[in-house]
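Data from my_file-v3.tsv: TSV, C-alpha atoms
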```tsv
chain	number	residue	atom	x	y	z
A	246	MET	CA	1.33	-24.60	-7.04
A	247	SER	CA	3.27	-26.73	-4.54
A	248	LYS	CA	3.32	-26.27	-0.79
A	249	GLN	CA	6.65	-25.20	0.62
A	250	LYS	CA	8.32	-27.56	3.05
A	251	VAL	CA	9.71	-26.11	6.27
A	252	GLY	CA	13.37	-25.28	5.73
A	253	ALA	CA	13.05	-25.26	1.95
A	254	VAL	CA	13.66	-22.24	-0.24
A	255	PRO	CA	11.79	-22.50	-3.55
A	256	ASP	CA	13.63	-21.94	-6.81
A	257	LEU	CA	11.58	-19.08	-8.22
A	258	LYS	CA	11.76	-18.32	-11.94
A	259	PHE	CA	10.82	-15.32	-14.08
A	260	LEU	CA	7.41	-16.87	-14.76
A	261	ASP	CA	6.74	-17.04	-11.01
A	262	TYR	CA	7.54	-13.36	-10.56
A	263	SER	CA	5.34	-12.53	-13.56
A	264	ARG	CA	2.48	-14.30	-11.81
A	265	PHE	CA	3.26	-12.48	-8.57
A	266	PHE	CA	3.15	-9.20	-10.51
A	267	ALA	CA	-0.19	-10.03	-12.12
A	268	ALA	CA	-1.72	-11.09	-8.80
A	269	GLY	CA	-0.43	-8.00	-7.00
A	270	ALA	CA	-1.57	-5.68	-9.78
A	271	LEU	CA	-5.11	-7.08	-9.84
A	272	CYS	CA	-5.64	-7.23	-6.07
A	273	CYS	CA	-4.32	-3.68	-5.51
A	274	THR	CA	-6.29	-2.18	-8.41
A	275	LEU	CA	-9.55	-3.74	-7.24
A	276	THR	CA	-9.19	-2.77	-3.59
A	277	HIS	CA	-7.98	0.79	-4.19
A	278	ALA	CA	-10.63	1.41	-6.84
A	279	ALA	CA	-13.31	0.20	-4.41
A	280	THR	CA	-12.16	2.66	-1.73
A	281	THR	CA	-11.93	5.71	-4.01
A	282	PRO	CA	-14.89	7.48	-2.30
A	283	ILE	CA	-13.33	7.00	1.15
A	284	ASP	CA	-9.98	8.26	-0.10
A	285	VAL	CA	-11.60	11.33	-1.66
A	286	VAL	CA	-13.26	12.28	1.63
A	287	LYS	CA	-10.08	11.59	3.61
A	288	THR	CA	-7.99	13.73	1.28
A	289	ARG	CA	-10.47	16.61	1.44
A	290	ILE	CA	-10.47	16.48	5.25
A	291	GLN	CA	-6.66	16.69	5.18
A	292	ILE	CA	-6.31	19.59	2.75
A	293	ASP	CA	-9.55	21.60	2.68
A	294	PRO	CA	-9.95	24.08	5.59
A	295	GLN	CA	-13.74	23.85	5.48
A	296	PHE	CA	-13.53	20.11	6.28
A	297	LYS	CA	-10.69	20.34	8.83
A	298	LYS	CA	-12.83	19.44	11.88
A	299	THR	CA	-15.54	17.59	9.99
A	300	GLY	CA	-16.35	13.92	10.43
A	301	MET	CA	-16.17	11.41	7.61
A	302	LEU	CA	-19.92	11.08	7.02
A	303	LYS	CA	-20.61	14.81	7.27
A	304	ALA	CA	-17.77	15.62	4.87
A	305	GLY	CA	-19.00	12.99	2.44
A	306	ARG	CA	-22.54	14.40	2.49
A	307	ALA	CA	-21.18	17.92	1.94
A	308	ILE	CA	-19.16	16.79	-1.09
A	309	VAL	CA	-22.18	15.04	-2.62
A	310	ALA	CA	-24.39	18.08	-1.96
A	311	ALA	CA	-21.90	20.45	-3.61
A	312	GLU	CA	-20.56	18.28	-6.44
A	313	GLY	CA	-22.99	15.40	-6.85
A	314	PRO	CA	-22.25	11.68	-6.33
A	315	SER	CA	-19.55	11.82	-9.00
A	316	GLY	CA	-17.52	14.00	-6.64
A	317	LEU	CA	-16.78	10.91	-4.58
A	318	LEU	CA	-15.23	9.22	-7.62
A	319	THR	CA	-12.80	12.05	-8.38
A	320	GLY	CA	-9.37	10.61	-9.15
A	321	PHE	CA	-10.69	7.12	-9.98
A	322	GLY	CA	-8.61	6.93	-13.20
A	323	PRO	CA	-5.18	7.67	-11.73
A	324	THR	CA	-6.03	5.51	-8.71
A	325	ALA	CA	-6.79	2.47	-10.87
A	326	VAL	CA	-3.79	2.90	-13.19
A	327	GLY	CA	-1.41	3.92	-10.42
A	328	TYR	CA	-2.12	0.95	-8.20
A	329	LEU	CA	-2.08	-1.45	-11.13
A	330	VAL	CA	1.61	-0.75	-11.71
A	331	GLN	CA	2.44	-0.02	-8.06
A	332	GLY	CA	0.68	-3.13	-6.73
A	333	GLY	CA	2.28	-5.48	-9.21
A	334	THR	CA	5.73	-4.02	-8.60
A	335	LYS	CA	5.32	-4.03	-4.83
A	336	PHE	CA	4.14	-7.61	-4.43
A	337	ALA	CA	6.49	-9.10	-7.02
A	338	GLY	CA	9.32	-6.94	-5.70
A	339	TYR	CA	8.71	-8.08	-2.13
A	340	GLU	CA	8.77	-11.73	-3.18
A	341	PHE	CA	11.97	-11.11	-5.15
A	342	MET	CA	13.71	-9.18	-2.38
A	343	LYS	CA	12.70	-11.67	0.30
A	344	LYS	CA	14.11	-14.53	-1.78
A	345	SER	CA	17.29	-12.57	-2.53
A	346	LEU	CA	17.84	-11.63	1.12
A	347	VAL	CA	17.23	-15.20	2.23
A	348	ASP	CA	19.89	-16.37	-0.23
A	349	LEU	CA	22.29	-13.63	0.94
A	350	SER	CA	21.78	-14.55	4.59
A	351	GLY	CA	23.70	-17.78	4.13
A	352	GLY	CA	20.93	-20.31	4.47
A	353	TYR	CA	17.43	-20.92	5.73
A	354	ASP	CA	18.36	-21.07	9.44
A	355	ASN	CA	20.11	-17.70	9.29
A	356	ALA	CA	17.18	-16.27	7.36
A	357	VAL	CA	14.78	-17.34	10.11
A	358	LYS	CA	17.05	-15.72	12.69
A	359	TYR	CA	17.06	-12.41	10.81
A	360	ARG	CA	13.55	-12.70	9.37
A	361	THR	CA	12.30	-9.36	10.72
A	362	ALA	CA	15.16	-7.50	9.03
A	363	ILE	CA	14.43	-9.42	5.83
A	364	TYR	CA	10.74	-8.47	5.96
A	365	ILE	CA	11.54	-4.80	6.57
A	366	GLY	CA	14.33	-4.60	4.00
A	367	GLY	CA	12.37	-6.46	1.35
A	368	ALA	CA	9.28	-4.30	1.84
A	369	ALA	CA	11.27	-1.05	1.81
A	370	VAL	CA	13.19	-1.80	-1.40
A	371	ALA	CA	10.13	-3.12	-3.22
A	372	GLU	CA	8.09	-0.07	-2.24
A	373	PHE	CA	10.86	2.35	-3.27
A	374	VAL	CA	10.86	0.95	-6.81
A	375	ALA	CA	7.06	0.84	-6.94
A	376	ASP	CA	6.82	4.48	-5.84
A	377	ILE	CA	8.91	5.66	-8.78
A	378	LEU	CA	6.03	4.45	-10.96
A	379	LEU	CA	3.23	5.56	-8.62
A	380	THR	CA	4.29	9.15	-7.83
A	381	PRO	CA	3.16	10.90	-11.06
A	382	LEU	CA	-0.22	9.18	-10.91
A	383	GLU	CA	-0.70	9.92	-7.22
A	384	ALA	CA	0.16	13.57	-7.84
A	385	THR	CA	-2.47	13.67	-10.58
A	386	ARG	CA	-5.07	12.08	-8.31
A	387	ILE	CA	-4.48	14.52	-5.47
A	388	ARG	CA	-4.58	17.51	-7.84
A	389	LEU	CA	-7.94	16.34	-9.20
A	390	VAL	CA	-9.37	15.75	-5.72
A	391	SER	CA	-8.11	19.03	-4.28
A	392	ASP	CA	-9.16	21.15	-7.28
A	393	ARG	CA	-12.25	19.95	-9.13
A	394	THR	CA	-11.79	22.65	-11.77
A	395	TYR	CA	-8.24	21.61	-12.66
A	396	ALA	CA	-9.21	19.20	-15.45
A	397	SER	CA	-12.14	17.13	-16.69
A	398	GLY	CA	-10.52	13.79	-15.95
A	399	PHE	CA	-7.38	11.71	-15.52
A	400	VAL	CA	-5.82	12.04	-18.99
A	401	PRO	CA	-6.40	15.82	-19.32
A	402	ALA	CA	-5.06	16.35	-15.78
A	403	PHE	CA	-1.99	14.20	-16.44
A	404	MET	CA	-1.26	15.98	-19.71
A	405	ARG	CA	-1.70	19.42	-18.12
A	406	MET	CA	0.69	18.59	-15.29
A	407	ALA	CA	3.20	17.21	-17.78
A	408	ARG	CA	2.92	20.31	-19.95
A	409	GLU	CA	3.03	22.92	-17.19
A	410	GLY	CA	5.39	21.36	-14.67
A	411	GLY	CA	6.98	18.28	-16.20
A	412	LEU	CA	8.93	15.84	-14.05
A	413	LYS	CA	9.47	18.47	-11.35
A	414	GLU	CA	5.72	18.82	-10.91
A	415	PHE	CA	5.08	15.09	-10.99
A	416	TYR	CA	7.83	14.23	-8.53
A	417	ALA	CA	7.39	17.16	-6.13
A	418	GLY	CA	5.77	14.69	-3.75
A	419	PHE	CA	8.22	11.81	-4.26
A	420	ILE	CA	10.11	12.22	-0.98
A	421	PRO	CA	6.96	12.61	1.16
A	422	LEU	CA	5.42	9.71	-0.77
A	423	LEU	CA	8.39	7.58	0.26
A	424	PHE	CA	7.91	8.71	3.86
A	425	LYS	CA	4.31	7.55	3.58
A	426	GLN	CA	4.55	4.42	1.44
A	427	ILE	CA	7.67	2.79	2.85
A	428	PRO	CA	6.35	2.74	6.45
A	429	TYR	CA	3.03	1.61	5.00
A	430	ALA	CA	4.67	-1.28	3.13
A	431	ILE	CA	6.73	-2.25	6.18
A	432	GLY	CA	3.56	-2.32	8.26
A	433	GLN	CA	1.69	-4.21	5.59
A	434	PHE	CA	4.25	-6.95	4.98
A	435	ALA	CA	6.26	-7.22	8.20
A	436	ILE	CA	3.26	-7.06	10.54
A	437	ASN	CA	1.34	-9.48	8.34
A	438	GLU	CA	4.24	-11.95	8.46
A	439	GLN	CA	4.55	-11.62	12.24
A	440	ALA	CA	0.79	-11.96	12.71
A	441	HIS	CA	0.79	-15.17	10.68
A	442	GLU	CA	3.68	-16.48	12.74
A	443	ILE	CA	1.81	-15.80	15.99
A	444	VAL	CA	-1.33	-17.52	14.68
A	445	TYR	CA	0.57	-20.55	13.36
A	446	LYS	CA	2.40	-20.98	16.67
A	447	GLN	CA	-0.95	-21.67	18.29
A	448	MET	CA	-1.49	-24.63	15.94
A	449	SER	CA	0.09	-28.02	15.69
A	450	ALA	CA	1.84	-28.90	12.43
A	451	GLU	CA	-1.00	-31.29	11.62
A	452	THR	CA	-3.68	-28.67	12.22
A	453	ARG	CA	-1.90	-26.12	10.07
A	454	ALA	CA	-1.44	-28.63	7.26
A	455	ASN	CA	-5.16	-29.46	7.26
A	456	LEU	CA	-6.75	-26.03	7.51
A	457	THR	CA	-10.06	-25.80	5.67
A	458	PRO	CA	-10.48	-23.13	2.97
A	459	LEU	CA	-12.69	-21.15	5.37
A	460	GLN	CA	-10.05	-21.30	8.12
A	461	GLU	CA	-7.36	-20.16	5.68
A	462	ILE	CA	-9.54	-17.20	4.71
A	463	GLU	CA	-10.06	-16.32	8.39
A	464	VAL	CA	-6.30	-16.34	9.03
A	465	THR	CA	-5.53	-14.30	5.91
A	466	LEU	CA	-8.18	-11.66	6.59
A	467	GLY	CA	-7.52	-11.46	10.34
A	468	CYS	CA	-3.77	-10.98	9.90
A	469	GLY	CA	-4.44	-8.51	7.09
A	470	VAL	CA	-6.66	-6.36	9.31
A	471	VAL	CA	-3.95	-6.19	12.00
A	472	ALA	CA	-1.34	-5.32	9.36
A	473	GLY	CA	-3.68	-2.67	7.92
A	474	PHE	CA	-4.04	-0.93	11.27
A	475	GLY	CA	-0.26	-0.89	11.72
A	476	ALA	CA	0.33	0.39	8.19
A	477	ALA	CA	-2.12	3.25	8.69
A	478	ILE	CA	-0.62	4.42	11.98
A	479	LEU	CA	2.97	4.28	10.70
A	480	SER	CA	2.25	6.18	7.49
A	481	HIS	CA	-0.48	8.68	8.35
A	482	PRO	CA	1.62	11.78	9.20
A	483	ALA	CA	3.40	11.59	5.85
A	484	ASP	CA	0.09	10.91	4.12
A	485	THR	CA	-1.24	14.21	5.46
A	486	LEU	CA	1.87	16.13	4.37
A	487	LEU	CA	1.77	14.51	0.92
A	488	SER	CA	-1.77	15.75	0.36
A	489	LYS	CA	-0.75	19.28	1.34
A	490	ILE	CA	2.46	19.41	-0.68
A	491	ASN	CA	0.76	18.19	-3.86
A	492	ARG	CA	-1.66	21.08	-3.47
A	493	GLY	CA	1.26	23.50	-3.49
A	494	GLY	CA	1.67	24.01	0.26
A	495	GLY	CA	4.91	24.57	2.17
A	496	GLY	CA	6.25	27.58	0.30
A	497	SER	CA	8.74	27.64	-2.54
A	498	GLY	CA	11.89	26.18	-0.95
A	499	GLY	CA	13.40	22.73	-1.29
A	500	ILE	CA	11.36	19.64	-0.55
A	501	ILE	CA	12.78	19.14	2.96
A	502	SER	CA	12.18	22.79	3.78
A	503	ARG	CA	8.61	22.58	2.52
A	504	LEU	CA	7.99	19.42	4.56
A	505	ALA	CA	9.35	21.10	7.69
A	506	THR	CA	7.17	24.17	7.10
A	507	LEU	CA	4.08	22.05	6.58
A	508	ALA	CA	4.85	19.91	9.64
A	509	VAL	CA	5.04	23.04	11.82
A	510	GLU	CA	1.87	24.51	10.29
A	511	THR	CA	-0.05	21.28	10.64
A	512	GLY	CA	1.12	20.34	14.13
A	513	PRO	CA	1.31	16.86	15.71
A	514	ILE	CA	-2.45	16.55	16.13
A	515	GLY	CA	-3.20	17.86	12.67
A	516	MET	CA	-0.90	15.29	11.06
A	517	PHE	CA	-3.17	12.56	12.41
A	518	ALA	CA	-6.36	14.19	11.11
A	519	GLY	CA	-8.53	11.54	9.48
A	520	LEU	CA	-6.60	8.62	11.04
A	521	GLY	CA	-9.71	6.77	12.18
A	522	PRO	CA	-11.29	6.52	8.73
A	523	ARG	CA	-7.91	5.73	7.20
A	524	MET	CA	-7.38	2.85	9.65
A	525	LEU	CA	-10.68	1.37	8.57
A	526	MET	CA	-9.82	1.92	4.92
A	527	THR	CA	-6.36	0.35	5.18
A	528	ALA	CA	-7.71	-2.59	7.17
A	529	PHE	CA	-10.00	-3.29	4.22
A	530	LEU	CA	-7.25	-2.59	1.67
A	531	VAL	CA	-4.54	-4.71	3.22
A	532	SER	CA	-6.73	-7.66	4.21
A	533	GLY	CA	-8.45	-7.54	0.83
A	534	GLN	CA	-5.13	-7.39	-1.00
A	535	PHE	CA	-3.64	-10.37	0.82
A	536	PHE	CA	-6.84	-12.34	0.32
A	537	GLY	CA	-7.01	-11.45	-3.38
A	538	TYR	CA	-3.29	-12.01	-3.86
A	539	LYS	CA	-3.51	-15.51	-2.39
A	540	ILE	CA	-6.54	-16.45	-4.49
A	541	ILE	CA	-5.20	-15.01	-7.75
A	542	LYS	CA	-1.77	-16.59	-7.26
A	543	LYS	CA	-3.43	-19.97	-6.79
A	544	GLN	CA	-5.54	-19.51	-9.92
A	545	LEU	CA	-2.43	-18.56	-11.90
A	546	GLY	CA	-0.54	-21.60	-10.63
A	547	ALA	CA	2.17	-19.51	-8.94
A	548	GLU	CA	4.52	-20.87	-6.31
A	549	GLN	CA	3.82	-20.01	-2.68
A	550	GLY	CA	6.94	-17.87	-2.31
A	551	VAL	CA	9.54	-17.93	0.45
A	552	GLU	CA	8.29	-18.56	3.98
A	553	ILE	CA	10.68	-18.06	6.91
A	554	HIS	CA	8.41	-18.09	9.94
A	555	LYS	CA	9.95	-19.39	13.13
A	556	GLU	CA	8.39	-22.71	14.08
```

Will you turn the file into C-alpha cells for me?
Amino acid sequence: MSKQKVGAVPDLKFLDYSRFFAAGALCCTLTHAATTPIDVVKTRIQIDPQFKKTGMLKAGRAIVAAEGPSGLLTGFGPTAVGYLVQGGTKFAGYEFMKKSLVDLSGGYDNAVKYRTAIYIGGAAVAEFVADILLTPLEATRIRLVSDRTYASGFVPAFMRMAREGGLKEFYAGFIPLLFKQIPYAIGQFAINEQAHEIVYKQMSAETRANLTPLQEIEVTLGCGVVAGFGAAILSHPADTLLSKINRGGGGSGGIISRLATLAVETGPIGMFAGLGPRMLMTAFLVSGQFFGYKIIKKQLGAEQGVEIHKE
C-alpha cells in the first residue's frame, strides 16, 4: 500500500475495490454484531409501548427477565449477514464514487473545491445501492426483535416473510430505510472527512507524515466518534419510523401515506426516542468501522483511496 501524494489521484483497479469491499464487509459485520444487544433494546424502546418511557438499562433488564439473555441476541443472524453485504458495498461504493466524482470534476484542484459535494454525493449513491441488499435482511431482523414468536431464527423468519409477503413484504421499509441510511452514511463519511481535515490543519506536513501508529489510531477513532454522533442525529427520526413500519404500523395505504401517519402518531419528541443510546452505539460503530477498515485495508495491501482534503 503506497501513500498518496498531495494532488495525486490514485489509479484504482478492480482488485483495489475488491479489497475495499472485503475490508468494509468485515469491519461492519464485526461492529454491528457486537452491538446487537444494544440495537435490540433500542428497537424495543421504539416500537413496544411498555418500553416507551423506559431507560436503556431498565429495558434491557426487563427483556432479560422475560426472555432470558438470549433475548438480547434476537436478530443476530440477519444483522451479521445484512451488514456483511451492506458494509462491503457501502465502503467499496464510496471509494468508487469518490474516485469517479473526482475524475468528473475536471481535476484534483476542482475536486478539492467541491469536496463536500463529492463526499455527500458519493456517500448517498453508495448507500442507496447497499440498501437494496440490506433491506430484506433488516426487515427480517426487526420482525424477529418486535415479535419473538414469529420464527425460531433468521432462516425460518426470512423464509416465512418470503412465503407470506414476498418482495412487497421485504421492501415495505425500503423508502424509510433510505431516509435513515442515506443521512447516516452522509454523516458517517462526510463528517469523518471534514473532521480529519480539521485535525490535519492543526499539524505541519512533517508532523502528519511522521505520525506514530498510536497517534494515527487516536485521529481515526476521534474523528469516527464525531462522525458517529452526527450520523445518529441525522438519521434517528427515520430509524424510529422504520422500526414501526416493519412492525405493520401506519395503516394500509401507500408508503408515503403510512410514513406521514406514523410521523403524526409518533410526534417530534417521539421520533427521537432512544437517541442517547443510539448516539453512543453509532459512535462505537462508526469509529470502530473506520479503525477496522484502515487496519484491514493495510493487511490486504489495498491502496489508500482518494484523498481531497484542503491543505

Write out as JSON lines a residue-level contact list of range 301-400 of chain A versus range 290-297 of chain A with cut-off 9 Å: for each qualifying residue the closest pair of atoms and the distance in Å to one decimal, counting only C-alpha atoms, rows sorted by chain and residue number upward.
```
{"residue": "A:Met301", "atom": "CA", "partner": "A:Ile290", "partner_atom": "CA", "distance": 8.0}
{"residue": "A:Lys303", "atom": "CA", "partner": "A:Phe296", "partner_atom": "CA", "distance": 8.9}
{"residue": "A:Ala304", "atom": "CA", "partner": "A:Phe296", "partner_atom": "CA", "distance": 6.3}
{"residue": "A:Ser391", "atom": "CA", "partner": "A:Ile292", "partner_atom": "CA", "distance": 7.3}
```

For the selection just defined, write its residues with C-alpha atoms to a file, as an mmCIF file, in the frame of the given file.
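Resulting contents of result_29.cif:
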```
data_model
loop_
_atom_site.group_PDB
_atom_site.id
_atom_site.type_symbol
_atom_site.label_atom_id
_atom_site.label_comp_id
_atom_site.auth_asym_id
_atom_site.auth_seq_id
_atom_site.Cartn_x
_atom_site.Cartn_y
_atom_site.Cartn_z
ATOM 1 C CA MET A 301 -16.170 11.410 7.610
ATOM 2 C CA LYS A 303 -20.610 14.810 7.270
ATOM 3 C CA ALA A 304 -17.770 15.620 4.870
ATOM 4 C CA SER A 391 -8.110 19.030 -4.280
#
```

With the cut-off set at 8 Å and counting all atoms listed in the file, tabulate each residue of range 333-430 of chain A with an atom at most that distance from an atom of range 491-515 of chain A, showing the nearest atom pair and its distance in Å to one decimal, ordered by chain and increasing number, as JSON lines.
```
{"residue": "A:Ala384", "atom": "CA", "partner": "A:Asn491", "partner_atom": "CA", "distance": 6.1}
{"residue": "A:Ile387", "atom": "CA", "partner": "A:Asn491", "partner_atom": "CA", "distance": 6.6}
{"residue": "A:Arg388", "atom": "CA", "partner": "A:Arg492", "partner_atom": "CA", "distance": 6.4}
{"residue": "A:Ser391", "atom": "CA", "partner": "A:Arg492", "partner_atom": "CA", "distance": 6.8}
{"residue": "A:Ala417", "atom": "CA", "partner": "A:Asn491", "partner_atom": "CA", "distance": 7.1}
{"residue": "A:Gly418", "atom": "CA", "partner": "A:Asn491", "partner_atom": "CA", "distance": 6.1}
{"residue": "A:Ile420", "atom": "CA", "partner": "A:Ile500", "partner_atom": "CA", "distance": 7.5}
{"residue": "A:Pro421", "atom": "CA", "partner": "A:Leu504", "partner_atom": "CA", "distance": 7.7}
```

Quick one, how far is CA of Gly467 in chain A from CA of Leu525 in chain A? 13.3 Å

Please, which residues are within 12 Å of (-19.0, 17.4, 2.7) by the file's coordinates, counting all atoms listed in the file, and could they come as number ranges by chain? A: 282-283, 285-290, 293-314, 316-317

Dump C-alpha atoms for the selected residues as a PDB file, keeping the file's coordinate frame?
```
ATOM      1  CA  PRO A 282     -14.890   7.480  -2.300  1.00  0.00           C
ATOM      2  CA  ILE A 283     -13.330   7.000   1.150  1.00  0.00           C
ATOM      3  CA  VAL A 285     -11.600  11.330  -1.660  1.00  0.00           C
ATOM      4  CA  VAL A 286     -13.260  12.280   1.630  1.00  0.00           C
ATOM      5  CA  LYS A 287     -10.080  11.590   3.610  1.00  0.00           C
ATOM      6  CA  THR A 288      -7.990  13.730   1.280  1.00  0.00           C
ATOM      7  CA  ARG A 289     -10.470  16.610   1.440  1.00  0.00           C
ATOM      8  CA  ILE A 290     -10.470  16.480   5.250  1.00  0.00           C
ATOM      9  CA  ASP A 293      -9.550  21.600   2.680  1.00  0.00           C
ATOM     10  CA  PRO A 294      -9.950  24.080   5.590  1.00  0.00           C
ATOM     11  CA  GLN A 295     -13.740  23.850   5.480  1.00  0.00           C
ATOM     12  CA  PHE A 296     -13.530  20.110   6.280  1.00  0.00           C
ATOM     13  CA  LYS A 297     -10.690  20.340   8.830  1.00  0.00           C
ATOM     14  CA  LYS A 298     -12.830  19.440  11.880  1.00  0.00           C
ATOM     15  CA  THR A 299     -15.540  17.590   9.990  1.00  0.00           C
ATOM     16  CA  GLY A 300     -16.350  13.920  10.430  1.00  0.00           C
ATOM     17  CA  MET A 301     -16.170  11.410   7.610  1.00  0.00           C
ATOM     18  CA  LEU A 302     -19.920  11.080   7.020  1.00  0.00           C
ATOM     19  CA  LYS A 303     -20.610  14.810   7.270  1.00  0.00           C
ATOM     20  CA  ALA A 304     -17.770  15.620   4.870  1.00  0.00           C
ATOM     21  CA  GLY A 305     -19.000  12.990   2.440  1.00  0.00           C
ATOM     22  CA  ARG A 306     -22.540  14.400   2.490  1.00  0.00           C
ATOM     23  CA  ALA A 307     -21.180  17.920   1.940  1.00  0.00           C
ATOM     24  CA  ILE A 308     -19.160  16.790  -1.090  1.00  0.00           C
ATOM     25  CA  VAL A 309     -22.180  15.040  -2.620  1.00  0.00           C
ATOM     26  CA  ALA A 310     -24.390  18.080  -1.960  1.00  0.00           C
ATOM     27  CA  ALA A 311     -21.900  20.450  -3.610  1.00  0.00           C
ATOM     28  CA  GLU A 312     -20.560  18.280  -6.440  1.00  0.00           C
ATOM     29  CA  GLY A 313     -22.990  15.400  -6.850  1.00  0.00           C
ATOM     30  CA  PRO A 314     -22.250  11.680  -6.330  1.00  0.00           C
ATOM     31  CA  GLY A 316     -17.520  14.000  -6.640  1.00  0.00           C
ATOM     32  CA  LEU A 317     -16.780  10.910  -4.580  1.00  0.00           C
TER      33      LEU A 317
END
```

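Coordinates place CA of Leu520 in chain A at a distance of 13.1 Å from CA of Leu486 in chain A.
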
Filled-in N, CA, C and O atoms of range 503-519 of chain A, supplied as a PDB file, in the frame of the given file:
```pdb
ATOM      1  N   ARG A 503      10.060  22.526   2.639  1.00  0.00           N
ATOM      2  CA  ARG A 503       8.610  22.580   2.520  1.00  0.00           C
ATOM      3  C   ARG A 503       7.948  21.594   3.484  1.00  0.00           C
ATOM      4  O   ARG A 503       6.925  21.910   4.105  1.00  0.00           O
ATOM      5  N   LEU A 504       8.530  20.413   3.619  1.00  0.00           N
ATOM      6  CA  LEU A 504       7.990  19.420   4.560  1.00  0.00           C
ATOM      7  C   LEU A 504       8.057  19.936   5.989  1.00  0.00           C
ATOM      8  O   LEU A 504       7.101  19.775   6.765  1.00  0.00           O
ATOM      9  N   ALA A 505       9.193  20.558   6.330  1.00  0.00           N
ATOM     10  CA  ALA A 505       9.350  21.100   7.690  1.00  0.00           C
ATOM     11  C   ALA A 505       8.333  22.199   7.948  1.00  0.00           C
ATOM     12  O   ALA A 505       7.716  22.257   9.025  1.00  0.00           O
ATOM     13  N   THR A 506       8.142  23.081   6.964  1.00  0.00           N
ATOM     14  CA  THR A 506       7.170  24.170   7.100  1.00  0.00           C
ATOM     15  C   THR A 506       5.762  23.616   7.297  1.00  0.00           C
ATOM     16  O   THR A 506       5.014  24.062   8.179  1.00  0.00           O
ATOM     17  N   LEU A 507       5.405  22.637   6.481  1.00  0.00           N
ATOM     18  CA  LEU A 507       4.080  22.050   6.580  1.00  0.00           C
ATOM     19  C   LEU A 507       3.879  21.304   7.900  1.00  0.00           C
ATOM     20  O   LEU A 507       2.794  21.342   8.487  1.00  0.00           O
ATOM     21  N   ALA A 508       4.946  20.639   8.370  1.00  0.00           N
ATOM     22  CA  ALA A 508       4.850  19.910   9.640  1.00  0.00           C
ATOM     23  C   ALA A 508       4.574  20.873  10.795  1.00  0.00           C
ATOM     24  O   ALA A 508       3.759  20.595  11.678  1.00  0.00           O
ATOM     25  N   VAL A 509       5.252  22.035  10.774  1.00  0.00           N
ATOM     26  CA  VAL A 509       5.040  23.040  11.820  1.00  0.00           C
ATOM     27  C   VAL A 509       3.628  23.619  11.720  1.00  0.00           C
ATOM     28  O   VAL A 509       2.925  23.777  12.723  1.00  0.00           O
ATOM     29  N   GLU A 510       3.207  23.940  10.490  1.00  0.00           N
ATOM     30  CA  GLU A 510       1.870  24.510  10.290  1.00  0.00           C
ATOM     31  C   GLU A 510       0.776  23.538  10.695  1.00  0.00           C
ATOM     32  O   GLU A 510      -0.236  23.932  11.279  1.00  0.00           O
ATOM     33  N   THR A 511       0.980  22.288  10.398  1.00  0.00           N
ATOM     34  CA  THR A 511      -0.050  21.280  10.640  1.00  0.00           C
ATOM     35  C   THR A 511      -0.114  20.873  12.111  1.00  0.00           C
ATOM     36  O   THR A 511      -1.195  20.677  12.673  1.00  0.00           O
ATOM     37  N   GLY A 512       1.057  20.728  12.727  1.00  0.00           N
ATOM     38  CA  GLY A 512       1.120  20.340  14.130  1.00  0.00           C
ATOM     39  C   GLY A 512       0.945  18.842  14.301  1.00  0.00           C
ATOM     40  O   GLY A 512       0.409  18.153  13.421  1.00  0.00           O
ATOM     41  N   PRO A 513       1.389  18.303  15.468  1.00  0.00           N
ATOM     42  CA  PRO A 513       1.310  16.860  15.710  1.00  0.00           C
ATOM     43  C   PRO A 513      -0.108  16.299  15.611  1.00  0.00           C
ATOM     44  O   PRO A 513      -0.329  15.237  15.041  1.00  0.00           O
ATOM     45  N   ILE A 514      -1.066  17.032  16.168  1.00  0.00           N
ATOM     46  CA  ILE A 514      -2.450  16.550  16.130  1.00  0.00           C
ATOM     47  C   ILE A 514      -3.003  16.608  14.719  1.00  0.00           C
ATOM     48  O   ILE A 514      -3.657  15.669  14.242  1.00  0.00           O
ATOM     49  N   GLY A 515      -2.703  17.700  14.031  1.00  0.00           N
ATOM     50  CA  GLY A 515      -3.200  17.860  12.670  1.00  0.00           C
ATOM     51  C   GLY A 515      -2.679  16.802  11.716  1.00  0.00           C
ATOM     52  O   GLY A 515      -3.363  16.426  10.761  1.00  0.00           O
ATOM     53  N   MET A 516      -1.461  16.310  11.952  1.00  0.00           N
ATOM     54  CA  MET A 516      -0.900  15.290  11.060  1.00  0.00           C
ATOM     55  C   MET A 516      -1.603  13.948  11.200  1.00  0.00           C
ATOM     56  O   MET A 516      -1.418  13.059  10.373  1.00  0.00           O
ATOM     57  N   PHE A 517      -2.405  13.790  12.254  1.00  0.00           N
ATOM     58  CA  PHE A 517      -3.170  12.560  12.410  1.00  0.00           C
ATOM     59  C   PHE A 517      -4.655  12.785  12.131  1.00  0.00           C
ATOM     60  O   PHE A 517      -5.485  11.946  12.475  1.00  0.00           O
ATOM     61  N   ALA A 518      -4.980  13.930  11.502  1.00  0.00           N
ATOM     62  CA  ALA A 518      -6.360  14.190  11.110  1.00  0.00           C
ATOM     63  C   ALA A 518      -6.824  13.124  10.130  1.00  0.00           C
ATOM     64  O   ALA A 518      -6.122  12.791   9.184  1.00  0.00           O
ATOM     65  N   GLY A 519      -8.000  12.567  10.371  1.00  0.00           N
ATOM     66  CA  GLY A 519      -8.530  11.540   9.480  1.00  0.00           C
ATOM     67  C   GLY A 519      -7.952  10.164   9.689  1.00  0.00           C
ATOM     68  O   GLY A 519      -8.167   9.268   8.863  1.00  0.00           O
TER      69      GLY A 519
END
```
